[in-house]
Amino acid sequence: MRASFTSDSCKESQLDSLNPQSWLQVERGKLSKFSSRSSSSSSIESLTKVPEPPVQPFFKPVDYVEVLAQIHEELESCPPQERSNLYLFQYQLFKGLGEAKLMRRSLRSAWLKGSTVHEKLVFGAWLKYERQGEELISDLLATCGKCAQESGPVDVSSEFDVDISSGSHETLSMMNGKHILRSVSFKIGDEKIVCDRQKIASLSAPFHAMLNGCFSESLCEHIDLSENNISPLGFREISEFSMTGSLNEVSPDILLEILIFANKFCCERLKDACDRKLASLVSSRDDAVQLMECALEENSPVLAASCLQVFLQELPDCLNDDRVVEIFSHSNKQQKMTMVGSASFSLYCLLSEVAMNLDLQSDKTAFFLDQLVESAETNRQKLLAFHQLGCVRLLRKEYDEAERLFEAALNAGHIYSVSGLARLGNIRGHRRGAYDKLSSVISSVTPLGWMYQERSLYCEGDKRWKDLEKATELDPTLTYPYMYRAASLMRKQDVQAALAEINRILGFKLALECLELRFCFYLALENYQAAICDVQAILTLSPDYRMFEGRVAASQLRTLVREHVDNWTTADCWLQLYDRWSSVDDIGSLSVIYQMLESDAAKGVLYFRQSLLLLRLNCPEAAMRSLQLARQHASTEHERLVYEGWILYDTGHCNEGLQKAEESINIKKSFEAFFLKAYALADSSLDPSCSSTVMSLLEEALKCPSDRLRKGQTSAKFFSF
């Protein structure tokens, strides 16, 4: 997590008074605040720090293909109750690869294949958590007559089977030759409640033995139950239940009394009815907190599941409630069985992920991961739990415990955990040992890029350079090798080579940290026009992004740098956009659009263009944000319908996207509406003859007014058919 920036020398309110280059040198700790300007080499040195890559808390096997194939085979042959756990593990694999769409697909499969109510609650809540900010999509689906139900509330009570014997026992009218009375009076305080003896006896074996067995109460007309924490009103309800088999509408406090009493005297039918009645009354977090304690103490699974659902539906907010965290963090094994059944590992996987996203080093993250380790049963579950908790302990500087956990994960077969052990060795001054650990792994398995990247941290000079080259050869998507090489070249004042190196990865992977480094290069070179281009691209991808290890907002740096570049007119911006779009300079195009959005231009069209660029750059989350803004700023109804169609199309709802396109065309024929319809039809139909219809739609699109840039894209699509 990025730390807050509080240094007096770098308060954001003071930025405007400083030159960006000299200010950043102060911030990087290379210059005195009052010193004169440094040489170019000092400036470059101060702006080219590259942090070490983190040890990621993900499952990273040596051979992804082999493990994915193995899971696929197991899914075809395993018992139904094991499928959700397999899909969860598949989700963890895709998470290590950063495949967001495949991650969500695995979660949905886990929800669909859930064999218990607890699995459906956990995975349904997980899907809802993953869809934060996507409420608009549900609303749009509703306008098309479709509604996604997987993340909504579940009728918990109906999901539990009623499998309790009647509890009736053979009625005895005589015992040792003595007649047993038909009625019995129970004294509760100063009140007496007359009951049918055999109806009360039928509630449980203990009552049957008391009233019909060898106990003295079997011959008593009056029995005192005042010391059993039941009120007269509560016992009258019990008597009524013994006659009718159902509970009346009474207050939650009376229901709690009855539940505790029923549990004490083993009245299973009564307890189940009370459990379900209380579960139906849980409607808020406060209700859930108060009732969960009773549910866990009295072993009431329906009530516990209903309370659990309330907590999970309020993620991540409920984890800011210490009462909720206490329940999840300190439940014992039996209580967890009552609360979540056999889905304990899945529950703590979800809670751990949410907590890690909030604060990787927090106590609650450590608590939940401790519970994850405790819940792990299979070898796969154990290696994931050990590694994740090891990463958190490492960040918390709890080195002995981190070492134990990384060792356990490594012994369970998670080779990637050796990176954690190497970091710990280096921290303790055993750099050579860390290097040797990685060398041993490289020589014993099929080497991967991360292994050479990790080993490079424990050597210098040519050795380090060679390891990083090998890392890039094996895995070109790793950002650290490019950043290290570019920074090294920049420090040697080989500017062109440094820029070429960082551009290698930015050519196919728009990584924020790489854009930030190039921004620093341009600042050092006092190329403020290029610098503002990069910072505006950064803000397009992540409006709240903070640079320099989280110490300052990127928006503040943009303000600072902008003072050193010329302002463009609207005409200048359109010319720049045309040139950059035509030359496939996507980062430059993003920057120009960002600047244009500050003017009074048609924002809907600009946000839509922005979304197209972001999709081309494989930034789906940012693209969806831009599409939603395009819809928000649409100037006409037919334009809004097009943007809604693209939102639905890009989230996998092709038929609904097609419906929106047709609605837009019915209002007004437009280039974008025909283009959307062609795309949606091509993806939603398996009929080969559909291609001719798609070509006709693209021809119609070309007849409609639009600019040459989008029509060029349509022409490319046309020739692909």
# chains A, B, ... in the order shown; residues from 1 in each chain; ligands from 1
>>> residues_around(residues="A:Arg285", least_positions_apart="5", cutoff="9 Å", atoms="only C-alpha atoms", output="PyMOL selection string")
chain A and resi 290+307+310-311+314+318+324
>>> closest_residue(among="A:Glu353, A:Glu598, A:Asp572, A:Asp224", to="A:Glu191", atoms="only C-alpha atoms")
A:Asp224
>>> residues_around(residues="A:Leu612", least_positions_apart="5", cutoff="10 Å", atoms="only C-alpha atoms", output="PDB file with N, CA, C and O atoms, in the first residue's frame")
ATOM      1  N   ASP A 586      -0.694   5.786 -28.865  1.00  0.00           N
ATOM      2  CA  ASP A 586      -1.847   5.709 -27.969  1.00  0.00           C
ATOM      3  C   ASP A 586      -1.648   6.512 -26.688  1.00  0.00           C
ATOM      4  O   ASP A 586      -2.592   7.117 -26.176  1.00  0.00           O
ATOM      5  N   LEU A 606     -15.481  12.414 -26.431  1.00  0.00           N
ATOM      6  CA  LEU A 606     -14.081  12.310 -26.006  1.00  0.00           C
ATOM      7  C   LEU A 606     -13.870  11.145 -25.044  1.00  0.00           C
ATOM      8  O   LEU A 606     -12.891  10.396 -25.155  1.00  0.00           O
ATOM      9  N   TYR A 607     -14.780  10.983 -24.085  1.00  0.00           N
ATOM     10  CA  TYR A 607     -14.653   9.851 -23.161  1.00  0.00           C
ATOM     11  C   TYR A 607     -14.778   8.527 -23.907  1.00  0.00           C
ATOM     12  O   TYR A 607     -14.112   7.535 -23.567  1.00  0.00           O
ATOM     13  N   LEU A 617      -5.125  -0.675 -25.355  1.00  0.00           N
ATOM     14  CA  LEU A 617      -3.943  -0.783 -24.504  1.00  0.00           C
ATOM     15  C   LEU A 617      -4.116  -1.846 -23.415  1.00  0.00           C
ATOM     16  O   LEU A 617      -3.290  -1.947 -22.518  1.00  0.00           O
ATOM     17  N   ASN A 618      -5.210  -2.607 -23.490  1.00  0.00           N
ATOM     18  CA  ASN A 618      -5.488  -3.681 -22.530  1.00  0.00           C
ATOM     19  C   ASN A 618      -5.612  -3.145 -21.098  1.00  0.00           C
ATOM     20  O   ASN A 618      -5.025  -3.676 -20.158  1.00  0.00           O
ATOM     21  N   CYS A 619      -6.402  -2.087 -20.968  1.00  0.00           N
ATOM     22  CA  CYS A 619      -6.700  -1.508 -19.646  1.00  0.00           C
ATOM     23  C   CYS A 619      -8.215  -1.508 -19.468  1.00  0.00           C
ATOM     24  O   CYS A 619      -8.869  -0.452 -19.513  1.00  0.00           O
ATOM     25  N   PRO A 620      -8.822  -2.688 -19.267  1.00  0.00           N
ATOM     26  CA  PRO A 620     -10.289  -2.790 -19.289  1.00  0.00           C
ATOM     27  C   PRO A 620     -10.990  -2.016 -18.182  1.00  0.00           C
ATOM     28  O   PRO A 620     -12.074  -1.475 -18.395  1.00  0.00           O
ATOM     29  N   ALA A 623     -10.988   1.572 -19.112  1.00  0.00           N
ATOM     30  CA  ALA A 623     -11.863   1.736 -20.277  1.00  0.00           C
ATOM     31  C   ALA A 623     -13.327   1.761 -19.851  1.00  0.00           C
ATOM     32  O   ALA A 623     -14.119   2.566 -20.364  1.00  0.00           O
ATOM     33  N   MET A 624     -13.696   0.887 -18.922  1.00  0.00           N
ATOM     34  CA  MET A 624     -15.079   0.861 -18.453  1.00  0.00           C
ATOM     35  C   MET A 624     -15.431   2.156 -17.727  1.00  0.00           C
ATOM     36  O   MET A 624     -16.541   2.689 -17.876  1.00  0.00           O
ATOM     37  N   SER A 626     -14.204   5.071 -18.384  1.00  0.00           N
ATOM     38  CA  SER A 626     -14.386   6.085 -19.428  1.00  0.00           C
ATOM     39  C   SER A 626     -15.718   5.912 -20.147  1.00  0.00           C
ATOM     40  O   SER A 626     -16.393   6.894 -20.475  1.00  0.00           O
ATOM     41  N   LEU A 627     -16.114   4.657 -20.392  1.00  0.00           N
ATOM     42  CA  LEU A 627     -17.396   4.411 -21.044  1.00  0.00           C
ATOM     43  C   LEU A 627     -18.557   4.919 -20.189  1.00  0.00           C
ATOM     44  O   LEU A 627     -19.528   5.500 -20.696  1.00  0.00           O
TER      45      LEU A 627
END
>>> atom_distance(atom1="atom CA of A:Ala205", atom2="atom CA of A:Ile188")
21.5 Å
>>> atom_distance(atom1="atom CA of A:Leu291", atom2="atom CA of A:Ala305")
10.8 Å
>>> residues_around(residues="A:Phe674", least_positions_apart="5", cutoff="9 Å", atoms="only C-alpha atoms", output="PyMOL selection string")
chain A and resi 661-662+665+669+679+697-702+704
>>> select_by_dssp(residues="stretch 263-368 of chain A", states="alpha helix (DSSP H)", output="MDAnalysis selection string")
chainID A and resid 263:264 268:279 285:297 301:313 322:329 333:340 344:358 363:368
>>> decode(residues="stretch 556-705 of chain A", atoms="C-alpha atoms", output="mmCIF file, in the first residue's frame")
data_model
loop_
_atom_site.group_PDB
_atom_site.id
_atom_site.type_symbol
_atom_site.label_atom_id
_atom_site.label_comp_id
_atom_site.auth_asym_id
_atom_site.auth_seq_id
_atom_site.Cartn_x
_atom_site.Cartn_y
_atom_site.Cartn_z
ATOM 1 C CA GLN A 556 -0.173 17.987 -8.261
ATOM 2 C CA LEU A 557 2.858 17.196 -10.397
ATOM 3 C CA ARG A 558 0.821 17.827 -13.520
ATOM 4 C CA THR A 559 -0.098 21.262 -12.166
ATOM 5 C CA LEU A 560 3.556 21.976 -11.509
ATOM 6 C CA VAL A 561 4.821 20.812 -14.903
ATOM 7 C CA ARG A 562 2.031 22.474 -16.860
ATOM 8 C CA GLU A 563 3.435 25.883 -16.005
ATOM 9 C CA HIS A 564 6.422 25.033 -18.210
ATOM 10 C CA VAL A 565 4.543 24.063 -21.401
ATOM 11 C CA ASP A 566 2.578 26.060 -23.945
ATOM 12 C CA ASN A 567 -1.210 25.979 -23.838
ATOM 13 C CA TRP A 568 -2.930 24.452 -26.859
ATOM 14 C CA THR A 569 -6.058 25.864 -28.448
ATOM 15 C CA THR A 570 -8.977 23.558 -29.254
ATOM 16 C CA ALA A 571 -7.821 23.458 -32.866
ATOM 17 C CA ASP A 572 -4.288 22.547 -31.762
ATOM 18 C CA CYS A 573 -5.678 19.701 -29.658
ATOM 19 C CA TRP A 574 -7.691 18.245 -32.548
ATOM 20 C CA LEU A 575 -4.658 18.424 -34.854
ATOM 21 C CA GLN A 576 -2.494 16.752 -32.207
ATOM 22 C CA LEU A 577 -5.110 14.048 -31.644
ATOM 23 C CA TYR A 578 -5.391 13.356 -35.358
ATOM 24 C CA ASP A 579 -1.624 13.088 -35.776
ATOM 25 C CA ARG A 580 -1.136 10.857 -32.748
ATOM 26 C CA TRP A 581 -4.132 8.617 -33.421
ATOM 27 C CA SER A 582 -3.018 8.161 -37.038
ATOM 28 C CA SER A 583 0.510 7.244 -35.957
ATOM 29 C CA VAL A 584 -0.860 4.826 -33.310
ATOM 30 C CA ASP A 585 0.705 6.884 -30.528
ATOM 31 C CA ASP A 586 -1.847 5.709 -27.969
ATOM 32 C CA ILE A 587 -0.172 7.274 -24.930
ATOM 33 C CA GLY A 588 0.051 10.594 -26.745
ATOM 34 C CA SER A 589 -3.596 10.304 -27.797
ATOM 35 C CA LEU A 590 -4.648 9.643 -24.195
ATOM 36 C CA SER A 591 -2.759 12.725 -23.081
ATOM 37 C CA VAL A 592 -4.370 14.964 -25.685
ATOM 38 C CA ILE A 593 -7.860 13.714 -24.830
ATOM 39 C CA TYR A 594 -7.175 14.277 -21.124
ATOM 40 C CA GLN A 595 -6.324 17.891 -21.903
ATOM 41 C CA MET A 596 -9.337 18.345 -24.187
ATOM 42 C CA LEU A 597 -11.704 17.132 -21.467
ATOM 43 C CA GLU A 598 -10.849 20.259 -19.470
ATOM 44 C CA SER A 599 -12.445 22.395 -22.183
ATOM 45 C CA ASP A 600 -16.092 22.752 -23.144
ATOM 46 C CA ALA A 601 -15.790 20.174 -25.913
ATOM 47 C CA ALA A 602 -18.346 17.378 -26.348
ATOM 48 C CA LYS A 603 -17.232 15.233 -23.445
ATOM 49 C CA GLY A 604 -19.312 12.176 -24.319
ATOM 50 C CA VAL A 605 -17.483 11.660 -27.619
ATOM 51 C CA LEU A 606 -14.081 12.310 -26.006
ATOM 52 C CA TYR A 607 -14.653 9.851 -23.161
ATOM 53 C CA PHE A 608 -15.763 7.282 -25.719
ATOM 54 C CA ARG A 609 -12.562 7.798 -27.716
ATOM 55 C CA GLN A 610 -10.630 7.467 -24.487
ATOM 56 C CA SER A 611 -12.310 4.116 -23.775
ATOM 57 C CA LEU A 612 -11.369 2.821 -27.240
ATOM 58 C CA LEU A 613 -7.728 3.684 -26.650
ATOM 59 C CA LEU A 614 -7.721 2.085 -23.211
ATOM 60 C CA LEU A 615 -9.205 -1.121 -24.562
ATOM 61 C CA ARG A 616 -6.543 -1.198 -27.264
ATOM 62 C CA LEU A 617 -3.943 -0.783 -24.504
ATOM 63 C CA ASN A 618 -5.488 -3.681 -22.530
ATOM 64 C CA CYS A 619 -6.700 -1.508 -19.646
ATOM 65 C CA PRO A 620 -10.289 -2.790 -19.289
ATOM 66 C CA GLU A 621 -11.064 -1.249 -15.893
ATOM 67 C CA ALA A 622 -10.025 2.240 -16.964
ATOM 68 C CA ALA A 623 -11.863 1.736 -20.277
ATOM 69 C CA MET A 624 -15.079 0.861 -18.453
ATOM 70 C CA ARG A 625 -14.729 3.961 -16.274
ATOM 71 C CA SER A 626 -14.386 6.085 -19.428
ATOM 72 C CA LEU A 627 -17.396 4.411 -21.044
ATOM 73 C CA GLN A 628 -19.538 5.163 -18.012
ATOM 74 C CA LEU A 629 -18.401 8.787 -18.131
ATOM 75 C CA ALA A 630 -19.238 8.871 -21.841
ATOM 76 C CA ARG A 631 -22.766 7.715 -21.022
ATOM 77 C CA GLN A 632 -23.017 10.299 -18.250
ATOM 78 C CA HIS A 633 -22.035 13.120 -20.630
ATOM 79 C CA ALA A 634 -23.957 11.922 -23.715
ATOM 80 C CA SER A 635 -25.642 14.850 -25.436
ATOM 81 C CA THR A 636 -28.492 12.882 -27.057
ATOM 82 C CA GLU A 637 -30.553 9.792 -26.284
ATOM 83 C CA HIS A 638 -29.333 7.834 -29.312
ATOM 84 C CA GLU A 639 -25.727 8.587 -28.322
ATOM 85 C CA ARG A 640 -26.399 7.430 -24.745
ATOM 86 C CA LEU A 641 -27.904 4.174 -26.011
ATOM 87 C CA VAL A 642 -24.731 3.476 -28.018
ATOM 88 C CA TYR A 643 -22.543 3.937 -24.953
ATOM 89 C CA GLU A 644 -24.858 1.730 -22.906
ATOM 90 C CA GLY A 645 -24.589 -0.895 -25.621
ATOM 91 C CA TRP A 646 -20.800 -0.834 -25.504
ATOM 92 C CA ILE A 647 -20.869 -1.095 -21.693
ATOM 93 C CA LEU A 648 -23.018 -4.208 -21.952
ATOM 94 C CA TYR A 649 -20.985 -5.644 -24.824
ATOM 95 C CA ASP A 650 -17.677 -5.157 -23.007
ATOM 96 C CA THR A 651 -19.023 -6.936 -19.910
ATOM 97 C CA GLY A 652 -20.029 -10.018 -21.885
ATOM 98 C CA HIS A 653 -23.698 -9.194 -22.522
ATOM 99 C CA CYS A 654 -23.605 -9.262 -26.338
ATOM 100 C CA ASN A 655 -27.324 -9.765 -26.925
ATOM 101 C CA GLU A 656 -28.219 -6.882 -24.644
ATOM 102 C CA GLY A 657 -25.595 -4.713 -26.364
ATOM 103 C CA LEU A 658 -27.189 -5.604 -29.680
ATOM 104 C CA GLN A 659 -30.590 -4.586 -28.314
ATOM 105 C CA LYS A 660 -29.239 -1.148 -27.307
ATOM 106 C CA ALA A 661 -27.709 -0.674 -30.768
ATOM 107 C CA GLU A 662 -31.053 -1.394 -32.418
ATOM 108 C CA GLU A 663 -32.848 1.027 -30.090
ATOM 109 C CA SER A 664 -30.345 3.735 -31.036
ATOM 110 C CA ILE A 665 -30.742 3.064 -34.775
ATOM 111 C CA ASN A 666 -34.520 3.286 -34.433
ATOM 112 C CA ILE A 667 -34.074 6.831 -33.103
ATOM 113 C CA LYS A 668 -31.325 7.896 -35.493
ATOM 114 C CA LYS A 669 -29.024 6.067 -37.869
ATOM 115 C CA SER A 670 -25.445 6.743 -36.827
ATOM 116 C CA PHE A 671 -21.978 5.461 -37.517
ATOM 117 C CA GLU A 672 -21.389 4.301 -33.918
ATOM 118 C CA ALA A 673 -24.755 2.512 -33.625
ATOM 119 C CA PHE A 674 -24.171 0.455 -36.788
ATOM 120 C CA PHE A 675 -20.587 -0.235 -35.723
ATOM 121 C CA LEU A 676 -21.772 -1.507 -32.324
ATOM 122 C CA LYS A 677 -24.466 -3.650 -33.904
ATOM 123 C CA ALA A 678 -21.919 -5.230 -36.251
ATOM 124 C CA TYR A 679 -19.568 -6.077 -33.394
ATOM 125 C CA ALA A 680 -22.302 -7.428 -31.133
ATOM 126 C CA LEU A 681 -23.874 -9.512 -33.901
ATOM 127 C CA ALA A 682 -20.508 -10.978 -34.902
ATOM 128 C CA ASP A 683 -19.878 -12.136 -31.326
ATOM 129 C CA SER A 684 -23.387 -13.302 -30.421
ATOM 130 C CA SER A 685 -24.128 -15.422 -33.505
ATOM 131 C CA LEU A 686 -22.490 -18.742 -34.417
ATOM 132 C CA ASP A 687 -24.146 -18.819 -37.833
ATOM 133 C CA PRO A 688 -21.472 -18.531 -40.607
ATOM 134 C CA SER A 689 -23.961 -16.660 -42.798
ATOM 135 C CA CYS A 690 -23.922 -13.888 -40.206
ATOM 136 C CA SER A 691 -20.741 -12.474 -41.754
ATOM 137 C CA SER A 692 -22.657 -11.067 -44.736
ATOM 138 C CA THR A 693 -25.045 -9.265 -42.369
ATOM 139 C CA VAL A 694 -22.096 -7.863 -40.434
ATOM 140 C CA MET A 695 -20.521 -6.550 -43.657
ATOM 141 C CA SER A 696 -23.816 -4.898 -44.611
ATOM 142 C CA LEU A 697 -23.937 -3.198 -41.217
ATOM 143 C CA LEU A 698 -20.381 -1.920 -41.617
ATOM 144 C CA GLU A 699 -21.285 -0.585 -45.051
ATOM 145 C CA GLU A 700 -24.222 1.260 -43.473
ATOM 146 C CA ALA A 701 -21.867 2.644 -40.848
ATOM 147 C CA LEU A 702 -19.562 4.037 -43.514
ATOM 148 C CA LYS A 703 -22.482 5.902 -45.092
ATOM 149 C CA CYS A 704 -23.130 7.791 -41.850
ATOM 150 C CA PRO A 705 -21.295 10.992 -40.863
#
